[in-house]
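Structure below is entry.cif: mmCIF, C-alpha atoms.
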```
data_entry
#
loop_
_atom_site.label_atom_id
_atom_site.label_comp_id
_atom_site.auth_asym_id
_atom_site.auth_seq_id
_atom_site.Cartn_x
_atom_site.Cartn_y
_atom_site.Cartn_z
CA MET A 1 0.00 0.00 0.00
CA PHE A 2 1.45 3.34 -1.04
CA LYS A 3 1.63 6.35 1.27
CA GLU A 4 -0.64 9.36 0.82
CA ASN A 5 2.02 11.88 1.91
CA TYR A 6 5.59 12.43 0.73
CA ASN A 7 8.18 14.99 1.74
CA VAL A 8 10.93 15.29 -0.84
CA ILE A 9 13.64 17.65 -2.02
CA GLY A 10 13.48 18.46 -5.73
CA VAL A 11 16.78 19.57 -7.27
CA MET A 12 17.17 21.15 -10.70
CA SER A 13 19.98 22.80 -12.66
CA GLY A 14 18.97 24.25 -16.02
CA THR A 15 20.85 25.14 -19.18
CA SER A 16 20.57 28.86 -18.41
CA LEU A 17 23.17 28.26 -15.63
CA ASP A 18 21.31 30.38 -13.05
CA GLY A 19 22.34 27.93 -10.33
CA VAL A 20 20.91 24.95 -8.48
CA ASP A 21 17.22 25.20 -7.59
CA LEU A 22 16.17 23.30 -4.47
CA ALA A 23 12.63 22.90 -3.15
CA TYR A 24 11.38 20.98 -0.12
CA ILE A 25 7.89 19.89 -1.05
CA ASN A 26 4.99 18.02 0.49
CA PHE A 27 2.96 15.96 -1.98
CA GLU A 28 -0.41 14.53 -0.98
CA LYS A 29 -2.44 11.97 -2.94
CA LYS A 30 -6.18 11.80 -2.35
CA ASP A 31 -8.42 11.74 -5.41
CA ASP A 32 -5.86 13.96 -7.12
CA TRP A 33 -2.33 15.06 -6.33
CA SER A 34 -1.72 18.33 -4.47
CA PHE A 35 1.50 19.99 -3.30
CA LYS A 36 2.96 22.62 -1.01
CA ILE A 37 6.43 24.10 -1.51
CA LEU A 38 7.61 24.49 2.09
CA PHE A 39 11.13 25.84 1.53
CA SER A 40 12.97 26.82 -1.63
CA GLU A 41 16.27 28.37 -2.60
CA THR A 42 18.53 28.94 -5.59
CA VAL A 43 22.23 28.43 -4.94
CA HIS A 44 24.12 30.37 -7.59
CA TYR A 45 27.19 28.90 -9.26
CA SER A 46 30.59 30.52 -8.83
CA SER A 47 31.99 32.05 -12.02
CA GLU A 48 34.43 29.13 -12.12
CA TRP A 49 31.57 26.60 -12.17
CA VAL A 50 29.61 28.60 -14.74
CA ASN A 51 32.63 28.38 -17.06
CA LYS A 52 33.11 24.67 -16.37
CA LEU A 53 29.49 23.85 -17.17
CA LYS A 54 29.35 26.19 -20.14
CA ASN A 55 32.43 24.54 -21.65
CA GLY A 56 31.44 20.96 -20.78
CA PHE A 57 30.14 20.64 -24.33
CA TYR A 58 33.76 20.70 -25.61
CA LEU A 59 35.33 18.19 -23.19
CA ASN A 60 36.69 14.78 -24.14
CA LYS A 61 35.52 11.58 -22.47
CA ASN A 62 38.07 11.56 -19.63
CA GLU A 63 37.50 15.25 -18.90
CA LEU A 64 33.74 14.63 -18.75
CA ILE A 65 34.26 11.78 -16.27
CA SER A 66 36.29 14.12 -14.06
CA LEU A 67 33.70 16.90 -14.36
CA ASN A 68 30.92 14.46 -13.46
CA GLU A 69 32.79 13.36 -10.33
CA SER A 70 33.49 16.88 -9.10
CA TYR A 71 30.00 18.15 -9.94
CA THR A 72 28.41 15.26 -8.04
CA GLY A 73 30.45 16.32 -5.02
CA LEU A 74 29.40 19.96 -5.45
CA LEU A 75 25.74 18.96 -5.71
CA ALA A 76 25.94 16.82 -2.56
CA THR A 77 27.45 19.74 -0.63
CA ILE A 78 24.73 22.14 -1.84
CA ILE A 79 21.95 19.69 -0.90
CA LEU A 80 23.41 18.98 2.56
CA GLU A 81 23.70 22.71 3.26
CA PHE A 82 20.05 23.17 2.23
CA ILE A 83 18.97 20.36 4.59
CA GLU A 84 20.98 21.89 7.43
CA LYS A 85 19.85 25.47 6.78
CA TYR A 86 16.15 24.58 7.00
CA SER A 87 16.58 21.85 9.67
CA LEU A 88 14.89 19.27 7.45
CA VAL A 89 14.30 15.95 9.19
CA ASN A 90 11.43 14.24 7.39
CA ILE A 91 12.83 13.42 3.94
CA ASP A 92 11.40 10.53 1.92
CA ALA A 93 13.77 11.12 -1.00
CA ILE A 94 16.04 13.60 -2.74
CA CYS A 95 15.01 13.81 -6.39
CA SER A 96 17.71 15.37 -8.55
CA HIS A 97 17.85 16.16 -12.25
CA GLY A 98 21.59 16.89 -12.37
CA HIS A 99 22.92 19.19 -15.09
CA THR A 100 22.66 18.49 -18.83
CA ILE A 101 26.02 18.64 -20.60
CA LEU A 102 25.23 16.68 -23.78
CA HIS A 103 21.85 15.91 -25.27
CA GLN A 104 21.88 13.92 -28.51
CA PRO A 105 18.77 11.72 -28.55
CA GLU A 106 19.13 11.25 -32.32
CA ASN A 107 22.37 9.40 -31.48
CA GLY A 108 20.81 7.54 -28.55
CA PHE A 109 22.74 9.60 -26.02
CA THR A 110 22.11 12.12 -23.24
CA LEU A 111 24.34 13.07 -20.30
CA GLN A 112 23.25 14.73 -17.08
CA ILE A 113 26.18 15.05 -14.69
CA GLY A 114 25.75 14.85 -10.92
CA ASN A 115 23.84 11.56 -10.99
CA LEU A 116 26.64 9.18 -10.01
CA PRO A 117 26.13 6.57 -7.23
CA LYS A 118 28.55 8.77 -5.26
CA LEU A 119 25.60 11.15 -4.70
CA GLY A 120 23.85 8.45 -2.68
CA SER A 121 26.88 7.67 -0.51
CA LEU A 122 27.59 11.36 0.15
CA LEU A 123 24.01 12.21 1.10
CA ASN A 124 22.87 8.99 2.82
CA TYR A 125 19.21 9.60 1.98
CA PRO A 126 17.08 7.81 -0.62
CA ILE A 127 18.03 9.34 -4.00
CA VAL A 128 16.05 9.33 -7.24
CA CYS A 129 17.97 10.75 -10.18
CA ASP A 130 19.10 10.36 -13.82
CA PHE A 131 15.59 10.67 -15.21
CA ARG A 132 16.37 11.11 -18.93
CA VAL A 133 18.62 8.19 -19.91
CA GLN A 134 16.03 5.39 -19.88
CA ASP A 135 13.71 7.33 -22.18
CA VAL A 136 16.46 7.78 -24.78
CA VAL A 137 17.21 4.04 -24.58
CA LEU A 138 13.51 3.45 -25.29
CA GLY A 139 13.74 5.58 -28.44
CA GLY A 140 12.50 8.82 -26.91
CA GLN A 141 13.86 12.35 -26.84
CA GLY A 142 14.52 12.16 -23.09
CA ALA A 143 12.78 15.54 -22.93
CA PRO A 144 10.74 17.32 -21.90
CA LEU A 145 9.94 15.42 -18.69
CA VAL A 146 7.96 18.09 -16.87
CA PRO A 147 4.62 17.43 -18.72
CA ILE A 148 3.53 14.58 -16.45
CA GLY A 149 3.61 17.16 -13.65
CA ASP A 150 1.73 19.66 -15.80
CA GLN A 151 -0.93 17.03 -16.46
CA LEU A 152 -1.36 15.92 -12.84
CA LEU A 153 -0.66 19.17 -10.95
CA PHE A 154 -1.62 22.02 -13.34
CA SER A 155 -4.45 20.61 -15.46
CA ASN A 156 -6.56 23.79 -15.07
CA TYR A 157 -4.39 25.60 -17.66
CA ASP A 158 -4.68 25.10 -21.43
CA TYR A 159 -0.91 25.39 -21.86
CA CYS A 160 2.03 25.25 -19.47
CA LEU A 161 4.90 27.28 -20.93
CA ASN A 162 8.39 27.24 -19.46
CA LEU A 163 10.79 30.02 -20.41
CA GLY A 164 14.19 28.80 -19.27
CA GLY A 165 17.34 28.07 -21.23
CA PHE A 166 14.86 26.91 -23.87
CA SER A 167 11.12 27.39 -24.20
CA ASN A 168 8.99 24.30 -23.93
CA MET A 169 5.27 23.83 -23.66
CA SER A 170 2.82 21.10 -22.75
CA PHE A 171 -0.90 20.70 -23.45
CA GLU A 172 -3.63 18.15 -24.11
CA TYR A 173 -3.94 17.04 -27.73
CA ASN A 174 -6.38 14.38 -28.96
CA GLY A 175 -6.63 12.89 -25.46
CA ASN A 176 -2.86 12.76 -24.87
CA ARG A 177 -0.42 15.07 -23.16
CA ILE A 178 1.89 16.58 -25.77
CA ALA A 179 5.02 18.60 -25.08
CA TYR A 180 8.15 19.67 -26.88
CA ASP A 181 10.87 22.29 -26.99
CA ILE A 182 10.06 25.35 -29.07
CA SER A 183 13.16 27.55 -29.25
CA PRO A 184 16.18 28.75 -27.30
CA VAL A 185 15.49 31.55 -24.79
CA ASN A 186 17.98 32.40 -22.03
CA THR A 187 20.76 30.31 -23.56
CA VAL A 188 20.89 32.95 -26.31
CA LEU A 189 19.66 36.11 -24.55
CA ASN A 190 22.07 35.69 -21.63
CA TYR A 191 24.98 34.83 -23.93
CA TYR A 192 24.73 38.17 -25.70
CA VAL A 193 23.85 40.29 -22.68
CA ASN A 194 26.90 38.77 -20.91
CA GLN A 195 28.99 40.58 -23.55
CA LEU A 196 27.74 43.85 -22.03
CA GLY A 197 29.06 42.73 -18.64
CA LEU A 198 25.60 41.86 -17.31
CA GLU A 199 24.20 38.54 -16.07
CA TYR A 200 20.82 39.07 -17.70
CA ASP A 201 18.63 41.71 -19.31
CA ASN A 202 16.57 43.05 -16.38
CA LYS A 203 12.87 42.97 -17.41
CA GLY A 204 14.04 43.01 -21.05
CA LYS A 205 14.81 46.74 -20.98
CA ILE A 206 17.88 46.41 -23.23
CA ALA A 207 16.02 44.26 -25.76
CA LYS A 208 13.18 46.78 -25.81
CA SER A 209 15.65 49.57 -26.60
CA GLY A 210 17.07 47.80 -29.66
CA LEU A 211 16.00 47.93 -33.30
CA LEU A 212 14.30 44.91 -34.84
CA ASP A 213 16.30 43.46 -37.74
CA ILE A 214 13.81 41.91 -40.17
CA ASP A 215 16.46 40.06 -42.19
CA LEU A 216 17.88 38.33 -39.12
CA LEU A 217 14.37 37.52 -37.91
CA GLU A 218 13.51 35.90 -41.24
CA LYS A 219 16.73 33.90 -41.27
CA LEU A 220 16.10 32.58 -37.74
CA ASN A 221 12.51 31.66 -38.54
CA GLN A 222 13.70 29.59 -41.51
CA ILE A 223 15.68 27.14 -39.33
CA SER A 224 14.45 23.64 -40.19
CA PHE A 225 13.90 22.56 -36.55
CA TYR A 226 10.84 24.80 -36.33
CA LYS A 227 9.11 22.92 -39.14
CA GLU A 228 9.81 19.45 -37.72
CA PRO A 229 6.91 17.56 -36.12
CA PHE A 230 6.91 16.79 -32.39
CA PRO A 231 8.25 15.06 -30.39
CA LYS A 232 11.40 17.13 -30.53
CA SER A 233 13.87 18.63 -28.09
CA LEU A 234 16.81 21.01 -28.04
CA GLY A 235 20.26 21.13 -26.47
CA MET A 236 23.23 23.46 -26.49
CA GLU A 237 24.47 21.68 -29.61
CA PHE A 238 21.60 23.30 -31.54
CA VAL A 239 22.47 26.77 -30.22
CA HIS A 240 26.15 26.44 -31.16
CA LYS A 241 25.44 24.92 -34.57
CA CYS A 242 22.34 26.77 -35.74
CA ILE A 243 21.76 29.96 -33.76
CA PHE A 244 25.07 31.65 -32.94
CA PRO A 245 26.49 31.37 -36.50
CA ILE A 246 23.40 33.01 -38.01
CA ILE A 247 23.29 35.85 -35.48
CA ASP A 248 27.03 36.51 -35.63
CA SER A 249 26.97 36.68 -39.43
CA PHE A 250 24.89 39.88 -39.20
CA SER A 251 27.38 41.93 -37.08
CA LEU A 252 24.59 43.75 -35.23
CA PRO A 253 24.73 45.74 -31.99
CA ILE A 254 23.85 43.64 -28.91
CA GLU A 255 20.65 45.65 -28.42
CA ALA A 256 19.44 44.75 -31.92
CA ILE A 257 20.33 41.08 -31.42
CA LEU A 258 18.34 40.95 -28.19
CA ARG A 259 15.38 42.81 -29.70
CA THR A 260 15.27 40.54 -32.73
CA PHE A 261 15.72 37.30 -30.80
CA VAL A 262 12.90 38.24 -28.39
CA GLU A 263 10.65 38.70 -31.42
CA HIS A 264 11.78 35.32 -32.72
CA ILE A 265 10.97 33.60 -29.40
CA ALA A 266 7.53 35.25 -29.21
CA LEU A 267 6.69 34.34 -32.81
CA GLN A 268 7.70 30.71 -32.37
CA ILE A 269 5.65 30.38 -29.18
CA ALA A 270 2.60 31.98 -30.84
CA HIS A 271 2.92 29.64 -33.84
CA ASN A 272 2.66 26.69 -31.46
CA CYS A 273 -0.39 27.92 -29.53
CA ASN A 274 -4.04 27.84 -30.46
CA SER A 275 -5.06 31.51 -30.44
CA ASN A 276 -8.51 30.49 -29.14
CA SER A 277 -7.05 29.02 -25.94
CA LYS A 278 -8.04 30.64 -22.67
CA THR A 279 -4.99 30.44 -20.39
CA ILE A 280 -1.23 29.89 -20.51
CA LEU A 281 0.75 29.37 -17.30
CA ILE A 282 4.23 30.90 -17.71
CA THR A 283 7.13 29.90 -15.47
CA GLY A 284 10.93 29.88 -15.64
CA GLY A 285 13.35 32.81 -15.52
CA GLY A 286 11.99 34.24 -18.77
CA ALA A 287 8.71 35.02 -16.98
CA TYR A 288 10.52 38.07 -15.55
CA HIS A 289 11.37 39.31 -19.04
CA GLU A 290 8.49 41.77 -19.27
CA PHE A 291 9.26 42.72 -22.86
CA LEU A 292 9.17 39.07 -23.98
CA ILE A 293 5.81 38.57 -22.22
CA GLU A 294 4.57 41.74 -23.92
CA ARG A 295 5.56 40.40 -27.36
CA ILE A 296 3.95 36.99 -26.70
CA GLN A 297 0.77 38.80 -25.68
CA TYR A 298 0.94 40.86 -28.89
CA TYR A 299 0.76 37.69 -30.98
CA LEU A 300 -1.86 36.02 -28.72
CA PRO A 301 -4.15 38.94 -27.85
CA LYS A 302 -7.13 36.84 -26.69
CA VAL A 303 -5.17 34.51 -24.43
CA VAL A 304 -4.74 35.20 -20.70
CA LEU A 305 -1.04 34.87 -19.84
CA VAL A 306 -0.77 33.82 -16.20
CA VAL A 307 2.53 34.68 -14.51
CA PRO A 308 2.28 33.12 -11.01
CA ASP A 309 4.06 34.03 -7.78
CA LYS A 310 7.85 34.17 -7.60
CA GLN A 311 8.19 30.78 -5.91
CA LEU A 312 6.33 28.89 -8.64
CA ILE A 313 8.06 30.85 -11.43
CA GLU A 314 11.48 29.90 -10.13
CA PHE A 315 10.90 26.46 -8.64
CA LYS A 316 8.30 24.75 -10.83
CA GLU A 317 10.92 22.50 -12.44
CA ALA A 318 12.46 21.56 -9.07
CA LEU A 319 8.92 20.89 -7.85
CA ILE A 320 8.15 18.61 -10.77
CA PHE A 321 11.42 16.69 -10.58
CA GLY A 322 10.51 16.09 -6.95
CA PHE A 323 7.18 14.78 -8.23
CA LEU A 324 8.87 12.55 -10.84
CA GLY A 325 10.86 11.05 -7.98
CA VAL A 326 7.72 10.33 -5.98
CA LEU A 327 6.13 8.61 -8.98
CA LYS A 328 9.31 6.55 -9.45
CA LEU A 329 9.23 5.48 -5.79
CA ARG A 330 5.65 4.32 -6.39
CA ASN A 331 6.75 2.57 -9.62
CA GLU A 332 4.20 4.66 -11.52
CA ASN A 333 4.76 6.10 -14.98
CA ASN A 334 6.54 9.45 -14.83
CA THR A 335 7.48 9.74 -18.52
CA LEU A 336 4.93 9.94 -21.31
CA ALA A 337 5.54 8.36 -24.71
CA SER A 338 3.13 10.89 -26.25
CA VAL A 339 5.60 13.58 -25.18
CA THR A 340 9.02 12.03 -25.79
CA GLY A 341 8.31 9.58 -28.61
CA ALA A 342 9.54 6.58 -26.61
CA ILE A 343 8.06 3.18 -27.43
CA ARG A 344 5.92 3.26 -24.25
CA ASP A 345 5.09 5.20 -21.10
CA HIS A 346 7.48 4.23 -18.33
CA SER A 347 8.79 4.93 -14.83
CA SER A 348 12.17 6.56 -15.39
CA GLY A 349 15.06 7.28 -13.06
CA VAL A 350 17.61 5.49 -10.89
CA ILE A 351 17.16 4.91 -7.16
CA TYR A 352 20.01 4.79 -4.63
CA ASN A 353 19.97 4.08 -0.88
CA VAL A 354 16.57 2.37 -0.70
CA ASN A 355 16.62 -0.77 1.45
#
```
Output the structure of this file as structure tokens.
Amino acid sequence: MFKENYNVIGVMSGTSLDGVDLAYINFEKKDDWSFKILFSETVHYSSEWVNKLKNGFYLNKNELISLNESYTGLLATIILEFIEKYSLVNIDAICSHGHTILHQPENGFTLQIGNLPKLGSLLNYPIVCDFRVQDVVLGGQGAPLVPIGDQLLFSNYDYCLNLGGFSNMSFEYNGNRIAYDISPVNTVLNYYVNQLGLEYDNKGKIAKSGLLDIDLLEKLNQISFYKEPFPKSLGMEFVHKCIFPIIDSFSLPIEAILRTFVEHIALQIAHNCNSNSKTILITGGGAYHEFLIERIQYYLPKVVLVVPDKQLIEFKEALIFGFLGVLKLRNENNTLASVTGAIRDHSSGVIYNVN
């Protein structure tokens, strides 16, 4: 007989390199699932770690093994400090995504570092982690994984849109939950605003000040990925191969690049939404980019864009990876074939330290 209540720590590190998101959550199962985020925190990476993770894409096999080892240690330290800071005692599991370094589902490969068995021995709590690998083995994209949480925790919205390193969206389609990546967001915006000596474009003010370059916008919109059918997902490989070379070939001021790429993001999101929908829940760091939200609203004038409270904006993915861990502990499906393209729904992840 399964429990009705679970207290878990959800841990997430995204491609935008903001840091490690941690959330201590209570999940309760009655007729439906409900949740409460009790404590949450983002632990920012040092500049040294930002560079290590940013450049992980270029490492050879032995260097990746070393990075995985050291990152697992870093993650364990961050989680232990979170437990100590909030005096957490009742912990059913720590559910950690790790950090994506390589994502090549077309080659049957994805790598999230920080998921080594060492994490279990360093933390000495039940661990559920490495959620993407099994799906890729089963022929899926290994992404996005959040939609099962959207379906079971946020079903009152027509669309759930995440604006993180990449934009992705989930919704009901012909009786199935569908989700896929749409376009890069902060992986590109932050890259160019970093060249101005800033971490991010506060509320999108710099982008708003720039001039829209129609030629660049057209070139970006012609990228073949946008015409491919779902399921589909994106990784940093796509940004390095398809996005940066196009943008850099135009030799534009940073302000114009940001302005044009915001328009590109908004257009791609609008193309993937039914304009007759009622509500879109928007979370992720891009929810603070007021100019981007303004441009999405411009293309979807009849749709109510719901930007929730700060805690849900910032910790929805940590929340849902906590939820994926709970489903894995219950041996229930936490990955949907309708979303990833795998051969079947399945219960994904690896469990350490469970007797």
Cut-off 7 Å: closest stretch 119-174 of chain A/stretch 336-351 of chain A atom pairs per residue, using only C-alpha atoms, as a tab-separated table:
```
residue	atom	partner	partner_atom	distance
A:Ile127	CA	A:Ile351	CA	5.5
A:Val128	CA	A:Ile351	CA	4.6
A:Cys129	CA	A:Val350	CA	5.3
A:Asp130	CA	A:Gly349	CA	5.1
A:Phe131	CA	A:Gly349	CA	4.0
A:Gln134	CA	A:Ser348	CA	6.0
A:Asp135	CA	A:Ala342	CA	6.1
A:Leu138	CA	A:Ala342	CA	5.2
A:Gly139	CA	A:Ala342	CA	4.7
A:Gly140	CA	A:Ala342	CA	3.7
A:Gln141	CA	A:Thr340	CA	5.0
A:Gly142	CA	A:Thr340	CA	6.1
A:Ala143	CA	A:Thr340	CA	5.9
A:Pro144	CA	A:Thr340	CA	6.8
A:Ile148	CA	A:Leu336	CA	6.9
```
Item to complete: Give as a list in words each residue that has an atom at most 10 Å from (8.9, 35.4, -19.5) in the file, counting all atoms listed in the file.
Response: Leu161, Asn162, Leu163, Gly164, Ser167, Val185, Asn186, Lys203, Gly204, Ala266, Ile282, Thr283, Gly284, Gly285, Gly286, Ala287, Tyr288, His289, Glu290, Phe291, Leu292, Ile293, Glu294, Arg295, Ile296, Leu305, Val307 and Ile313 of chain A
Fill in: Exercise: A:Asn5 partners within 12 Å, all atoms listed in the file, chain neighbours under 6 positions left out, as a ChimeraX atom specification
/A:25-30,33-36,90-92,323,326,330
Practice prompt. Would you translate the PyMOL selection byres ((chain A and resi 248-257) around 7) into the concrete set of residues it matches in this file, as a PyMOL selection string?
Written response: chain A and resi 192+206-207+209-213+244-247+258-261
Worksheet item: Could you write out as number ranges by chain the residues that the PyMOL selection byres ((chain A and resi 274) around 12) matches in the shown file?
Response: A: 158-159, 171-173, 269-273, 275-280, 299-303
Item to complete: Please identify all polymer residues within 7 Å of A:Asn190, counting all atoms listed in the file, omitting same-chain residues fewer than 4 positions from it, and present them as number ranges by chain.
Response: A: 186, 194, 199-200
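Rounded to one decimal, atom CA of A:Val137 and atom CA of A:Gly108 lie 6.4 Å from each other.
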Worksheet item: Could you state the separation of atom CA of A:Lys3 and atom CA of A:Ala179 in Å, given to one decimal place?
Response: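 Between atom CA of A:Lys3 and atom CA of A:Ala179 the gap works out to 29.3 Å.
Among the candidate residues A:Asn202, A:Asn333, A:Thr42, A:Gln112, the one lying nearest to A:Leu64 is A:Gln112, with distances computed using only C-alpha atoms.
When the distance limit is 12 Å and all atoms listed in the file are what count, the residues near A:Asn55, minus those fewer than 2 positions from it on the same chain, are Thr15, Leu17, Glu48, Trp49, Val50, Asn51, Lys52, Leu53, Phe57, Tyr58, Leu59, Asn60, Glu63, Leu64, Leu67, Thr100, Ile101, Leu102, Met236, Glu237 and His240 of chain A.
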Item to complete: Measure the distance from atom CA of A:Cys95 to atom CA of A:Met12 in Å and round it to one decimal.
Response: 8.8 Å
Worksheet item: Pick the closest to A:Lys54 from A:Gly14, A:Pro308, A:Gly175, A:Pro117: which is it, counting all atoms listed in the file?
Response: A:Gly14
Mind listing as a compact mmCIF listing (two decimals) with C-alpha atoms, keeping the file's coordinate frame all residues within 10 Å of (27.5, 12.8, -9.6), counting only C-alpha atoms?
```txt
# COMPACT_ATOMS: atom_id res chain seq x y z
CA ILE A 65 34.26 11.78 -16.27
CA SER A 66 36.29 14.12 -14.06
CA LEU A 67 33.70 16.90 -14.36
CA ASN A 68 30.92 14.46 -13.46
CA GLU A 69 32.79 13.36 -10.33
CA SER A 70 33.49 16.88 -9.10
CA TYR A 71 30.00 18.15 -9.94
CA THR A 72 28.41 15.26 -8.04
CA GLY A 73 30.45 16.32 -5.02
CA LEU A 74 29.40 19.96 -5.45
CA LEU A 75 25.74 18.96 -5.71
CA ALA A 76 25.94 16.82 -2.56
CA GLY A 98 21.59 16.89 -12.37
CA HIS A 99 22.92 19.19 -15.09
CA GLN A 112 23.25 14.73 -17.08
CA ILE A 113 26.18 15.05 -14.69
CA GLY A 114 25.75 14.85 -10.92
CA ASN A 115 23.84 11.56 -10.99
CA LEU A 116 26.64 9.18 -10.01
CA PRO A 117 26.13 6.57 -7.23
CA LYS A 118 28.55 8.77 -5.26
CA LEU A 119 25.60 11.15 -4.70
CA GLY A 120 23.85 8.45 -2.68
CA LEU A 122 27.59 11.36 0.15
CA CYS A 129 17.97 10.75 -10.18
CA ASP A 130 19.10 10.36 -13.82
```
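Distances here use all atoms listed in the file; by that measure, the residue among A:Ser13, A:Asn156, A:Gln151, A:Gln195 closest to A:Asn176 is A:Gln151.
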Discussion item. Under the rule that only C-alpha atoms are counted, which of A:Tyr6, A:Glu263, A:Val306, A:Val193 is the nearest residue to A:Cys160?
Written reply: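 The shortest atom-to-atom distance to A:Cys160 comes from A:Val306.
Shortest separation to A:Leu111 among A:Leu88, A:Lys61, A:Ser183, A:Pro126 occurs at residue A:Lys61, atoms counted being all atoms listed in the file.
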Worksheet item: Taking into account all atoms listed in the file, which residue in the set A:Ile94, A:Leu80, A:Val304, A:Ile9 is nearest to A:Tyr157?
Response: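 Ranking A:Ile94, A:Leu80, A:Val304, A:Ile9 by distance to A:Tyr157, first place goes to A:Val304.
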Return the padded bounding box of stretch 23-40 of chain A as AutoDock Vina command-line options: axis-aligned, built from all atoms listed in the file, 4 Å added on each side, with centre and edge lengths in Å to one decimal.
```
--center_x 2.3 --center_y 19.3 --center_z -2.5 --size_x 29.4 --size_y 23.1 --size_z 17.2
```
